[in-house]
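Okay, final.txt is below, compact mmCIF, C-alpha atoms and all ligand atoms:
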# COMPACT_ATOMS: atom_id res chain seq x y z
CA MET H 4 86.99 116.74 91.34
CA ILE H 5 85.23 115.99 94.61
CA ARG H 6 82.01 114.29 93.52
CA HIS H 7 80.38 113.54 96.85
CA VAL H 8 80.70 114.42 100.52
CA VAL H 9 79.28 111.99 103.07
CA GLU H 10 78.88 113.33 106.60
CA VAL H 11 79.27 110.96 109.53
CA GLU H 12 77.25 112.53 112.33
CA LEU H 13 78.67 111.70 115.73
CA GLY H 14 78.21 114.91 117.70
CA ASP H 15 81.58 116.45 118.44
CA ARG H 16 83.27 113.53 116.69
CA SER H 17 81.45 114.15 113.37
CA TYR H 18 83.48 114.26 110.18
CA PRO H 19 83.16 114.46 106.41
CA ILE H 20 84.23 111.86 103.86
CA TYR H 21 85.30 113.48 100.59
CA ILE H 22 85.00 111.24 97.53
CA GLY H 23 86.23 111.94 94.04
CA ASP H 24 88.73 111.05 91.34
CA TYR H 25 92.15 112.57 90.72
CA ILE H 26 91.75 114.69 93.85
CA LEU H 27 94.71 113.44 95.87
CA GLN H 28 96.62 116.70 95.85
CA GLY H 29 93.58 118.62 97.09
CA PHE H 30 93.67 116.96 100.51
CA VAL H 31 96.01 119.64 101.83
CA GLU H 32 93.33 122.29 101.43
CA LYS H 33 91.04 120.27 103.71
CA PHE H 34 93.91 119.60 106.08
CA ARG H 35 94.50 123.33 106.47
CA GLU H 36 90.79 123.99 106.85
CA LYS H 37 90.30 121.38 109.58
CA LEU H 38 93.65 121.26 111.31
CA GLY H 39 95.08 124.75 110.88
CA VAL H 40 98.81 124.91 111.27
CA ALA H 41 99.32 121.42 112.65
CA LYS H 42 102.50 119.65 111.67
CA ALA H 43 101.80 116.39 109.85
CA ALA H 44 103.29 112.92 110.34
CA ILE H 45 102.63 110.95 107.18
CA ILE H 46 102.44 107.26 107.98
CA THR H 47 102.61 105.11 104.88
CA ASN H 48 104.43 102.12 103.41
CA PRO H 49 107.08 101.89 100.66
CA THR H 50 104.66 100.60 98.00
CA VAL H 51 102.20 103.45 98.40
CA TRP H 52 104.87 106.09 98.91
CA ASP H 53 106.71 105.06 95.71
CA ILE H 54 103.55 105.66 93.70
CA TYR H 55 101.96 108.64 95.48
CA GLY H 56 104.75 110.24 97.50
CA ASN H 57 105.58 112.86 94.86
CA GLN H 58 102.02 114.12 94.61
CA VAL H 59 101.64 114.29 98.37
CA VAL H 60 104.96 116.11 98.88
CA LYS H 61 104.12 118.57 96.11
CA SER H 62 100.83 119.54 97.67
CA LEU H 63 102.20 119.75 101.22
CA SER H 64 105.06 121.92 100.04
CA ALA H 65 102.78 124.17 98.00
CA GLU H 66 100.72 124.88 101.13
CA ARG H 67 103.83 125.08 103.32
CA VAL H 68 102.65 122.35 105.65
CA ASP H 69 105.47 121.16 107.88
CA TYR H 70 105.66 117.36 107.71
CA ASP H 71 107.69 114.27 108.55
CA LEU H 72 107.53 110.94 106.83
CA ILE H 73 107.25 107.65 108.74
CA ILE H 74 107.51 104.56 106.57
CA VAL H 75 106.28 101.25 107.98
CA PRO H 76 106.68 97.84 106.32
CA ASP H 77 104.16 96.67 103.75
CA GLY H 78 101.87 93.84 104.88
CA GLU H 79 99.69 92.78 107.80
CA ASN H 80 102.74 92.40 110.07
CA ALA H 81 102.96 96.18 110.26
CA LYS H 82 99.84 96.06 112.46
CA SER H 83 101.87 95.14 115.53
CA LEU H 84 102.83 96.67 118.85
CA ASN H 85 106.48 96.47 117.74
CA VAL H 86 105.88 98.66 114.72
CA ALA H 87 103.62 100.97 116.74
CA GLU H 88 106.41 101.33 119.31
CA ARG H 89 108.83 102.33 116.56
CA VAL H 90 106.36 104.88 115.20
CA TYR H 91 105.81 106.39 118.70
CA GLY H 92 109.61 106.71 118.95
CA GLU H 93 109.82 108.59 115.66
CA LEU H 94 106.98 110.90 116.70
CA ILE H 95 108.72 111.67 120.00
CA GLN H 96 112.09 112.23 118.35
CA LYS H 97 110.57 114.49 115.73
CA GLY H 98 108.87 116.56 118.40
CA PHE H 99 105.21 115.82 117.62
CA GLU H 100 102.77 117.31 120.10
CA ARG H 101 99.07 116.93 120.76
CA LYS H 102 98.20 119.85 118.47
CA ASP H 103 99.81 118.04 115.51
CA ALA H 104 98.26 115.43 113.26
CA VAL H 105 98.83 112.05 111.66
CA ILE H 106 98.05 111.35 108.02
CA ALA H 107 97.34 107.69 107.24
CA LEU H 108 98.17 107.18 103.57
CA GLY H 109 97.58 103.62 102.40
CA GLY H 110 95.35 100.59 102.75
CA GLY H 111 93.60 99.17 105.79
CA VAL H 112 96.85 98.10 107.41
CA VAL H 113 98.34 101.58 107.41
CA GLY H 114 94.99 103.11 108.38
CA ASP H 115 94.46 100.77 111.35
CA LEU H 116 98.04 101.17 112.59
CA ALA H 117 98.24 104.95 112.09
CA GLY H 118 94.82 105.45 113.67
CA PHE H 119 95.82 103.33 116.64
CA VAL H 120 99.04 105.27 117.09
CA ALA H 121 97.16 108.58 116.76
CA SER H 122 94.60 107.48 119.36
CA THR H 123 97.25 106.65 121.93
CA TYR H 124 100.11 109.06 121.25
CA GLU H 125 99.99 111.74 123.95
CA ARG H 126 96.49 110.42 124.78
CA GLY H 127 95.30 111.19 121.29
CA ILE H 128 96.27 113.45 118.42
CA ALA H 129 94.17 114.19 115.35
CA TYR H 130 94.45 111.99 112.27
CA ILE H 131 93.10 111.88 108.78
CA GLN H 132 92.59 108.89 106.56
CA ILE H 133 93.63 108.88 102.91
CA PRO H 134 92.68 105.32 101.99
CA THR H 135 94.24 103.95 98.81
CA THR H 136 92.78 100.43 98.57
CA LEU H 137 89.19 99.57 97.74
CA LEU H 138 88.77 97.81 101.08
CA ALA H 139 90.00 100.87 102.95
CA GLN H 140 87.87 103.27 100.87
CA VAL H 141 84.63 101.38 101.39
CA ASP H 142 85.21 100.05 104.85
CA SER H 143 88.22 100.37 107.13
CA SER H 144 88.86 104.13 106.88
CA VAL H 145 85.34 104.90 108.08
CA GLY H 146 84.02 104.26 111.57
CA GLY H 147 87.01 104.75 113.83
CA LYS H 148 87.87 101.16 114.69
CA VAL H 149 91.64 101.20 114.88
CA ALA H 150 93.84 98.37 116.09
CA VAL H 151 97.00 96.34 115.94
CA ASN H 152 97.22 92.56 116.08
CA HIS H 153 98.52 90.43 118.94
CA THR H 154 100.29 87.15 118.25
CA LEU H 155 97.23 85.47 119.80
CA GLY H 156 94.65 87.27 117.71
CA LYS H 157 93.91 89.81 115.03
CA ASN H 158 92.84 93.34 116.04
CA MET H 159 93.07 92.39 119.72
CA ILE H 160 94.65 95.69 120.83
CA GLY H 161 92.64 98.67 119.69
CA THR H 162 90.44 101.65 120.35
CA PHE H 163 87.55 103.58 118.83
CA TYR H 164 88.95 106.81 117.48
CA GLN H 165 87.34 108.82 114.71
CA PRO H 166 89.41 110.64 112.07
CA SER H 167 89.10 114.39 111.44
CA PHE H 168 88.16 113.60 107.86
CA VAL H 169 88.48 110.86 105.26
CA TYR H 170 89.73 111.73 101.80
CA ILE H 171 88.98 109.16 99.10
CA ASP H 172 90.55 109.45 95.66
CA VAL H 173 89.21 106.50 93.68
CA ALA H 174 91.83 107.14 90.98
CA THR H 175 94.37 105.59 93.37
CA LEU H 176 92.61 102.28 92.74
CA LYS H 177 94.06 102.24 89.21
CA THR H 178 97.39 101.06 90.57
CA LEU H 179 95.95 98.45 92.93
CA SER H 180 96.65 94.77 92.13
CA ASP H 181 93.76 92.75 90.74
CA ARG H 182 93.83 90.58 93.84
CA ASP H 183 93.54 93.53 96.23
CA PHE H 184 90.82 95.04 94.09
CA ALA H 185 88.83 91.80 94.21
CA GLY H 186 89.40 91.63 97.97
CA GLY H 187 87.85 95.08 98.34
CA MET H 188 84.93 93.98 96.20
CA ALA H 189 84.15 91.31 98.79
CA GLU H 190 83.29 94.10 101.25
CA VAL H 191 81.25 95.92 98.59
CA ILE H 192 79.34 92.69 97.95
CA LYS H 193 78.82 92.38 101.70
CA TYR H 194 77.09 95.79 101.78
CA ALA H 195 74.93 94.72 98.83
CA PHE H 196 73.71 91.65 100.71
CA ILE H 197 73.10 93.39 104.01
CA LYS H 198 71.46 96.49 102.49
CA GLY H 199 70.09 95.33 99.13
CA GLU H 200 69.31 98.02 96.57
CA PRO H 201 70.67 100.02 94.86
CA LEU H 202 74.04 98.36 95.37
CA LEU H 203 72.84 94.87 94.53
CA SER H 204 71.74 95.91 91.03
CA ILE H 205 74.84 98.02 90.46
CA ILE H 206 77.31 95.26 91.22
CA GLN H 207 75.45 92.88 88.94
CA GLY H 208 74.58 95.26 86.12
CA ARG H 209 77.88 97.14 85.96
CA ARG H 210 80.34 94.40 86.69
CA ASP H 211 82.41 95.11 83.57
CA ASP H 212 82.66 98.84 84.30
CA ILE H 213 83.58 98.13 87.89
CA SER H 214 86.22 95.59 86.92
CA ALA H 215 87.59 98.06 84.36
CA ARG H 216 87.80 100.49 87.29
CA GLN H 217 85.81 103.27 85.70
CA MET H 218 86.01 106.35 87.85
CA ASP H 219 82.34 107.32 87.92
CA ILE H 220 81.14 103.93 89.06
CA LEU H 221 83.92 103.55 91.62
CA ALA H 222 83.05 106.93 93.11
CA GLU H 223 79.39 105.93 93.21
CA ILE H 224 80.15 102.64 94.91
CA ALA H 225 82.47 104.26 97.46
CA THR H 226 79.77 106.82 98.23
CA ILE H 227 77.03 104.23 98.72
CA CYS H 228 79.27 102.07 100.92
CA CYS H 229 80.36 105.05 103.03
CA LEU H 230 76.73 106.08 103.44
CA ILE H 231 75.82 102.57 104.59
CA LYS H 232 78.78 102.20 106.93
CA GLY H 233 78.52 105.78 108.20
CA GLY H 234 74.82 105.28 108.92
CA ILE H 235 75.46 102.11 110.91
CA VAL H 236 78.33 103.71 112.84
CA GLU H 237 76.14 106.70 113.68
CA GLU H 238 73.69 104.31 115.36
CA ASP H 239 76.24 102.12 117.07
CA GLU H 240 79.62 103.78 117.19
CA ARG H 241 81.06 101.43 119.81
CA ASP H 242 79.87 98.17 118.35
CA THR H 243 77.40 97.12 121.00
CA GLY H 244 74.61 96.01 118.68
CA LEU H 245 73.72 97.00 115.12
CA ARG H 246 77.32 97.41 113.96
CA ALA H 247 77.72 93.64 114.21
CA VAL H 248 75.83 93.26 110.91
CA LEU H 249 78.98 94.55 109.21
CA ASN H 250 80.49 91.22 110.18
CA TYR H 251 78.41 89.41 107.60
CA GLY H 252 80.67 86.62 106.29
CA HIS H 253 83.34 87.47 108.84
CA THR H 254 82.87 84.77 111.49
CA LEU H 255 83.99 81.98 109.18
CA GLY H 256 86.07 84.49 107.18
CA HIS H 257 88.35 85.27 110.12
CA ALA H 258 88.80 81.55 110.80
CA ILE H 259 89.76 80.95 107.16
CA GLU H 260 92.28 83.80 107.21
CA SER H 261 93.86 82.37 110.30
CA ILE H 262 93.83 78.70 109.26
CA SER H 263 95.27 79.51 105.83
CA GLU H 264 97.97 81.50 107.63
CA TYR H 265 96.80 84.55 105.71
CA LYS H 266 97.28 82.91 102.29
CA TYR H 267 93.62 83.83 101.90
CA SER H 268 93.34 87.61 101.97
CA HIS H 269 90.71 89.18 104.22
CA GLY H 270 88.40 89.73 101.24
CA GLU H 271 88.82 86.21 99.86
CA ALA H 272 88.11 84.70 103.26
CA VAL H 273 85.05 86.91 103.74
CA ALA H 274 83.83 85.88 100.27
CA VAL H 275 83.79 82.22 101.32
CA GLY H 276 82.32 83.24 104.68
CA MET H 277 79.42 84.99 102.96
CA VAL H 278 78.55 81.91 100.90
CA PHE H 279 78.53 79.94 104.14
CA ALA H 280 76.42 82.57 105.90
CA ALA H 281 73.92 82.39 103.03
CA LYS H 282 73.82 78.60 103.37
CA LEU H 283 73.26 78.93 107.11
CA SER H 284 70.43 81.38 106.41
CA LYS H 285 68.86 78.81 104.10
CA ARG H 286 69.37 76.04 106.64
CA ILE H 287 67.37 77.94 109.25
CA GLY H 288 64.65 78.71 106.75
CA MET H 289 65.26 82.42 106.24
CA VAL H 290 66.16 82.41 102.55
CA GLY H 291 65.70 80.07 99.62
CA ALA H 292 68.29 78.31 97.46
CA ASP H 293 68.09 81.22 95.00
CA VAL H 294 69.82 83.52 97.52
CA VAL H 295 72.66 81.05 97.98
CA GLU H 296 73.03 80.84 94.20
CA LEU H 297 72.99 84.64 93.94
CA HIS H 298 75.88 84.78 96.40
CA LYS H 299 77.91 82.29 94.40
CA ARG H 300 77.18 84.01 91.13
CA ILE H 301 78.05 87.54 92.25
CA ILE H 302 81.06 86.57 94.36
CA GLY H 303 82.42 84.29 91.61
CA SER H 304 81.91 87.00 88.97
CA TYR H 305 84.48 89.17 90.76
CA GLY H 306 87.06 86.39 90.79
CA LEU H 307 86.58 85.58 94.46
CA PRO H 308 86.42 82.05 95.92
CA THR H 309 83.06 80.51 96.80
CA THR H 310 84.05 77.11 98.17
CA MET H 311 85.42 76.00 101.51
CA ILE H 312 89.15 75.60 102.12
CA SER H 313 90.30 72.13 103.00
CA ALA H 314 90.67 72.11 106.75
CA SER H 315 89.37 69.85 109.48
CA ILE H 316 86.02 70.89 110.93
CA ASP H 317 87.52 70.56 114.43
CA LYS H 318 90.19 73.08 113.60
CA ILE H 319 87.67 75.53 112.14
CA ILE H 320 85.42 75.27 115.18
CA GLN H 321 88.40 75.71 117.46
CA VAL H 322 89.41 78.93 115.71
CA ILE H 323 85.86 80.26 115.63
CA GLU H 324 85.56 79.54 119.35
CA ARG H 325 88.76 81.42 120.05
CA ASP H 326 87.39 84.42 118.16
CA LYS H 327 85.87 87.19 120.21
CA LYS H 328 82.54 86.80 118.44
CA ARG H 329 81.58 83.78 120.51
CA ALA H 330 78.72 84.30 122.94
CA MET H 331 76.23 82.61 125.20
CA GLY H 332 77.16 79.02 124.58
CA GLY H 333 76.60 79.34 120.84
CA HIS H 334 78.36 80.82 117.89
CA VAL H 335 77.34 84.23 116.70
CA PHE H 336 76.69 84.51 112.99
CA VAL H 337 75.17 87.25 110.92
CA VAL H 338 72.58 85.61 108.68
CA LEU H 339 70.08 87.01 106.22
CA ASP H 340 66.35 87.03 106.82
CA GLY H 341 66.06 87.88 103.14
CA VAL H 342 68.51 89.97 101.15
CA GLY H 343 68.95 93.38 102.77
CA ASN H 344 67.82 92.18 106.17
CA PRO H 345 70.73 90.90 108.27
CA VAL H 346 70.04 89.45 111.70
CA ILE H 347 72.29 88.05 114.40
CA ARG H 348 71.77 84.41 115.32
CA ASN H 349 73.35 82.14 117.86
CA ILE H 350 74.05 78.89 116.04
CA ASP H 351 74.51 75.91 118.30
CA ARG H 352 77.63 73.83 118.04
CA GLU H 353 76.09 70.69 116.54
CA ASP H 354 74.30 72.64 113.84
CA LEU H 355 77.46 74.49 112.98
CA ILE H 356 79.48 71.29 112.71
CA SER H 357 76.89 69.77 110.44
CA ALA H 358 76.62 72.90 108.24
CA LEU H 359 80.40 73.14 107.92
CA GLY H 360 80.59 69.45 107.05
CA GLU H 361 78.06 69.92 104.28
CA PHE H 362 79.83 73.01 102.93
CA SER H 363 83.21 71.25 102.93
CA LYS H 364 81.83 68.26 101.00
CA GLU H 365 80.62 70.52 98.20
CA GLY H 366 84.31 71.10 97.34
N1 LIG H 401 89.21 99.24 110.91
C1 LIG H 401 88.27 98.59 110.29
O1 LIG H 401 87.08 98.86 110.49
C2 LIG H 401 88.64 97.51 109.31
C3 LIG H 401 87.67 96.96 108.48
C4 LIG H 401 88.05 96.01 107.55
C5 LIG H 401 89.39 95.62 107.46
N2 LIG H 401 90.32 96.18 108.29
C6 LIG H 401 91.73 95.82 108.22
O2 LIG H 401 92.25 96.24 106.96
C7 LIG H 401 93.39 95.47 106.67
C8 LIG H 401 93.40 95.08 105.22
O3 LIG H 401 93.41 96.25 104.44
P1 LIG H 401 93.79 96.22 102.88
O4 LIG H 401 93.05 95.13 102.23
O5 LIG H 401 93.66 97.58 102.39
O6 LIG H 401 95.30 95.70 102.91
P2 LIG H 401 96.70 96.49 102.85
O7 LIG H 401 96.65 97.73 103.60
O8 LIG H 401 97.73 95.49 103.22
O9 LIG H 401 96.85 96.84 101.30
C9 LIG H 401 96.94 95.80 100.36
C10 LIG H 401 98.17 95.99 99.46
O10 LIG H 401 97.93 97.06 98.56
C11 LIG H 401 99.03 97.96 98.57
N3 LIG H 401 98.48 99.26 98.17
C12 LIG H 401 97.75 100.11 98.91
N4 LIG H 401 97.27 101.10 98.14
C13 LIG H 401 97.72 100.88 96.89
C14 LIG H 401 97.54 101.55 95.64
N5 LIG H 401 96.75 102.60 95.52
N6 LIG H 401 98.18 101.05 94.55
C15 LIG H 401 98.94 99.93 94.66
N7 LIG H 401 99.11 99.23 95.79
C16 LIG H 401 98.50 99.71 96.90
C17 LIG H 401 99.56 97.86 99.96
O11 LIG H 401 100.89 98.32 100.03
C18 LIG H 401 99.43 96.37 100.22
O12 LIG H 401 100.51 95.68 99.65
C19 LIG H 401 93.38 94.29 107.62
O13 LIG H 401 94.37 94.45 108.59
C20 LIG H 401 92.00 94.35 108.26
O14 LIG H 401 92.00 93.86 109.58
C21 LIG H 401 89.96 97.12 109.21
Output the file's structure in the form of structure tokens.
Amino acid sequence: MIRHVVEVELGDRSYPIYIGDYILQGFVEKFREKLGVAKAAIITNPTVWDIYGNQVVKSLSAERVDYDLIIVPDGENAKSLNVAERVYGELIQKGFERKDAVIALGGGVVGDLAGFVASTYERGIAYIQIPTTLLAQVDSSVGGKVAVNHTLGKNMIGTFYQPSFVYIDVATLKTLSDRDFAGGMAEVIKYAFIKGEPLLSIIQGRRDDISARQMDILAEIATICCLIKGGIVEEDERDTGLRAVLNYGHTLGHAIESISEYKYSHGEAVAVGMVFAAKLSKRIGMVGADVVELHKRIIGSYGLPTTMISASIDKIIQVIERDKKRAMGGHVFVVLDGVGNPVIRNIDREDLISALGEFSKEG
């Protein structure tokens, strides 16, 4: 059943996020309601389609929705202009028009790619997000940032393009690998540190239920995270200010992903990045050692890494400097002025080198 509906209020780009468990087949009802008789292009990957294809086909057929299936490869490499080009070709060949719609069924990779294609195909056709990973349910499917990667940088080619609705079935998380589940938890933990309660208590007090993937607690977490992200996006849809706080742990995180050649997943890299951000916050006198310890304890309790990868400081700095988050002669980091109070700080180069050196030595 649908347990919660979160509304993202963005004027004529407003949309609902439906959250529940074992609701996958019900998405077609919402599709009809919002998109009428549009023909649907389902963009997904083989892994997700093998598990959920039958249910999706059944419900589309029952409601007589005309659809085509576009399968893209599994993995981050699908977020490329090459794959997007192939998808555009299939849409053209299958006769998709502006009145039709794209359904993104999968994790953040499928969602980012499908959203990007939808935003550019015929100057924009509607799309809906059916996120099936924890990361996508609590983060990437909400907010309308859609992109593909360039060989010179992640998410370098993208747009802001809001979905018509987001449909979250937390029961799909039952089939997710432990590693991907933990990766999604890194983003949940991020929300807990930038917003504080009630999430902070929930992720500590109900760790076992969360790790056992109990439906009620997963639906509650998804709802809280969507409320937090939706609220921030409402204030800063195009990422010119407040939205940057969602990058907590991401400045170093992105560098770690890149340096490890993606052996560290996004979530694992962000986990390490958050410990570092907490240490930076302590270094500039905004939090005490207890907050750093709290980071390590919570992050470690979900099986995520808390220590620095072995890489030269020069290399890390180089990658951070290449990242688009650099500004004004310093390095932009989200730090905490106390738990629940993220602030943006420009950290100067020497300080950063010294902080990274210290973090690396801890091993
Ligand atoms: N747009 C945004 O605001 C935003 C925010 C954060 C991250 N992202 C992007 O999200 C991407 C990462 O997303 P992700 O972590 O979901 O990775 P992903 O999409 O690669 O999914 C991880 C793995 O889980 C599989 N999978 C998906 N759903 C499953 C299910 N229910 N059961 C079993 N397996 C399933 C996928 O096939 C894949 O192998 C990155 O590209 C990142 O840049 C975007």
What residues of the protein or nucleic acid chains come within 6 Å of ligand LIG 401 (chain H) when you use only C-alpha atoms and all ligand atoms? Reply as a PyMOL selection string. chain H and resi 50-51+77-79+109-113+115+135-136+138-139+142-143+148-149+175-176+178-179+183
Counting all atoms listed in the file, which residues come within 8 Å of (80.9, 81.0, 102.5), with the point read in the file's coordinates, and could you list them as a PDB file with C-alpha atoms, keeping the file's coordinate frame?
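Writing the result to selection.pdb gives the following:
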ATOM      1  CA  GLY H 252      80.670  86.620 106.290  1.00  0.00           C
ATOM      2  CA  LEU H 255      83.990  81.980 109.180  1.00  0.00           C
ATOM      3  CA  GLY H 256      86.070  84.490 107.180  1.00  0.00           C
ATOM      4  CA  VAL H 273      85.050  86.910 103.740  1.00  0.00           C
ATOM      5  CA  ALA H 274      83.830  85.880 100.270  1.00  0.00           C
ATOM      6  CA  VAL H 275      83.790  82.220 101.320  1.00  0.00           C
ATOM      7  CA  GLY H 276      82.320  83.240 104.680  1.00  0.00           C
ATOM      8  CA  MET H 277      79.420  84.990 102.960  1.00  0.00           C
ATOM      9  CA  VAL H 278      78.550  81.910 100.900  1.00  0.00           C
ATOM     10  CA  PHE H 279      78.530  79.940 104.140  1.00  0.00           C
ATOM     11  CA  ALA H 280      76.420  82.570 105.900  1.00  0.00           C
ATOM     12  CA  ALA H 281      73.920  82.390 103.030  1.00  0.00           C
ATOM     13  CA  LYS H 282      73.820  78.600 103.370  1.00  0.00           C
ATOM     14  CA  THR H 309      83.060  80.510  96.800  1.00  0.00           C
ATOM     15  CA  THR H 310      84.050  77.110  98.170  1.00  0.00           C
ATOM     16  CA  MET H 311      85.420  76.000 101.510  1.00  0.00           C
TER      17      MET H 311
END
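The spacing separating atom CA of Gly147 of chain H from atom CA of Ile45 of chain H amounts to 18.1 Å.
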Which of these, H:Ile131, H:Leu355, H:Ala65, H:Leu297, has the shortest distance to Ile206 of chain H once you count all atoms listed in the file?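 Ranked by minimum distance to Ile206 of chain H, first place goes to H:Leu297.
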Axis-aligned box for segment 67-76 of chain H, 5 Å per side, centre and edges in Å as lines of an AutoDock Vina configuration file:
center_x = 105.2
center_y = 111.5
center_z = 106.0
size_x = 15.0
size_y = 37.2
size_z = 15.4
Pick from H:Ala104, H:Val295, H:Ile74, H:Ala189, whichever lies nearest to Ser268 of chain H using all atoms listed in the file: H:Ala189
Quick one: pull the distance between atom CA of Ile5 of chain H and atom CA of Arg209 of chain H, Å, one decimal.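 Separation of atom CA of Ile5 of chain H and atom CA of Arg209 of chain H: 22.0 Å.
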Leaving out Leu245 of chain H and any residue of its chain fewer than 5 positions from it, which residues lie within 12 Å of it when counting only C-alpha atoms, given as a list in words? Ile197, Lys232, Gly234, Ile235, Val236, Glu237, Glu238, Asp239, Glu240, Asn250, Tyr251, Val337, Asn344, Pro345, Val346 and Ile347 of chain H
As a PDB file, in the frame of the given file, the rebuilt segment 141-159 of chain H with N, CA and C atoms:
ATOM      1  N   VAL H 141      86.045 101.692 101.146  1.00  0.00           N
ATOM      2  CA  VAL H 141      84.630 101.380 101.390  1.00  0.00           C
ATOM      3  C   VAL H 141      84.376 100.909 102.806  1.00  0.00           C
ATOM      4  N   ASP H 142      85.444 100.681 103.555  1.00  0.00           N
ATOM      5  CA  ASP H 142      85.210 100.050 104.850  1.00  0.00           C
ATOM      6  C   ASP H 142      86.130 100.570 105.955  1.00  0.00           C
ATOM      7  N   SER H 143      87.414 100.195 105.919  1.00  0.00           N
ATOM      8  CA  SER H 143      88.220 100.370 107.130  1.00  0.00           C
ATOM      9  C   SER H 143      88.527 101.816 107.504  1.00  0.00           C
ATOM     10  N   SER H 144      88.502 102.737 106.530  1.00  0.00           N
ATOM     11  CA  SER H 144      88.860 104.130 106.880  1.00  0.00           C
ATOM     12  C   SER H 144      87.703 104.862 107.570  1.00  0.00           C
ATOM     13  N   VAL H 145      86.528 104.256 107.519  1.00  0.00           N
ATOM     14  CA  VAL H 145      85.340 104.900 108.080  1.00  0.00           C
ATOM     15  C   VAL H 145      84.905 104.170 109.344  1.00  0.00           C
ATOM     16  N   GLY H 146      84.613 104.907 110.396  1.00  0.00           N
ATOM     17  CA  GLY H 146      84.020 104.260 111.570  1.00  0.00           C
ATOM     18  C   GLY H 146      84.876 104.252 112.804  1.00  0.00           C
ATOM     19  N   GLY H 147      86.180 104.530 112.657  1.00  0.00           N
ATOM     20  CA  GLY H 147      87.010 104.750 113.830  1.00  0.00           C
ATOM     21  C   GLY H 147      87.465 103.532 114.599  1.00  0.00           C
ATOM     22  N   LYS H 148      87.291 102.335 114.013  1.00  0.00           N
ATOM     23  CA  LYS H 148      87.870 101.160 114.690  1.00  0.00           C
ATOM     24  C   LYS H 148      89.321 101.088 114.265  1.00  0.00           C
ATOM     25  N   VAL H 149      90.216 101.237 115.217  1.00  0.00           N
ATOM     26  CA  VAL H 149      91.640 101.200 114.880  1.00  0.00           C
ATOM     27  C   VAL H 149      92.309 100.182 115.806  1.00  0.00           C
ATOM     28  N   ALA H 150      93.275  99.456 115.276  1.00  0.00           N
ATOM     29  CA  ALA H 150      93.840  98.370 116.090  1.00  0.00           C
ATOM     30  C   ALA H 150      95.146  97.855 115.521  1.00  0.00           C
ATOM     31  N   VAL H 151      95.875  97.169 116.399  1.00  0.00           N
ATOM     32  CA  VAL H 151      97.000  96.340 115.940  1.00  0.00           C
ATOM     33  C   VAL H 151      96.691  94.900 116.350  1.00  0.00           C
ATOM     34  N   ASN H 152      97.437  93.977 115.765  1.00  0.00           N
ATOM     35  CA  ASN H 152      97.220  92.560 116.080  1.00  0.00           C
ATOM     36  C   ASN H 152      98.111  92.142 117.253  1.00  0.00           C
ATOM     37  N   HIS H 153      97.684  91.086 117.933  1.00  0.00           N
ATOM     38  CA  HIS H 153      98.520  90.430 118.940  1.00  0.00           C
ATOM     39  C   HIS H 153      98.867  89.063 118.358  1.00  0.00           C
ATOM     40  N   THR H 154      99.956  88.477 118.809  1.00  0.00           N
ATOM     41  CA  THR H 154     100.290  87.150 118.250  1.00  0.00           C
ATOM     42  C   THR H 154      99.148  86.158 118.491  1.00  0.00           C
ATOM     43  N   LEU H 155      98.330  86.404 119.515  1.00  0.00           N
ATOM     44  CA  LEU H 155      97.230  85.470 119.800  1.00  0.00           C
ATOM     45  C   LEU H 155      95.924  85.852 119.099  1.00  0.00           C
ATOM     46  N   GLY H 156      95.907  86.936 118.381  1.00  0.00           N
ATOM     47  CA  GLY H 156      94.650  87.270 117.710  1.00  0.00           C
ATOM     48  C   GLY H 156      94.723  88.593 116.971  1.00  0.00           C
ATOM     49  N   LYS H 157      93.938  88.629 115.877  1.00  0.00           N
ATOM     50  CA  LYS H 157      93.910  89.810 115.030  1.00  0.00           C
ATOM     51  C   LYS H 157      93.099  90.935 115.695  1.00  0.00           C
ATOM     52  N   ASN H 158      93.557  92.152 115.542  1.00  0.00           N
ATOM     53  CA  ASN H 158      92.840  93.340 116.040  1.00  0.00           C
ATOM     54  C   ASN H 158      92.541  93.280 117.537  1.00  0.00           C
ATOM     55  N   MET H 159      93.374  92.572 118.298  1.00  0.00           N
ATOM     56  CA  MET H 159      93.070  92.390 119.720  1.00  0.00           C
ATOM     57  C   MET H 159      93.374  93.631 120.555  1.00  0.00           C
TER      58      MET H 159
END
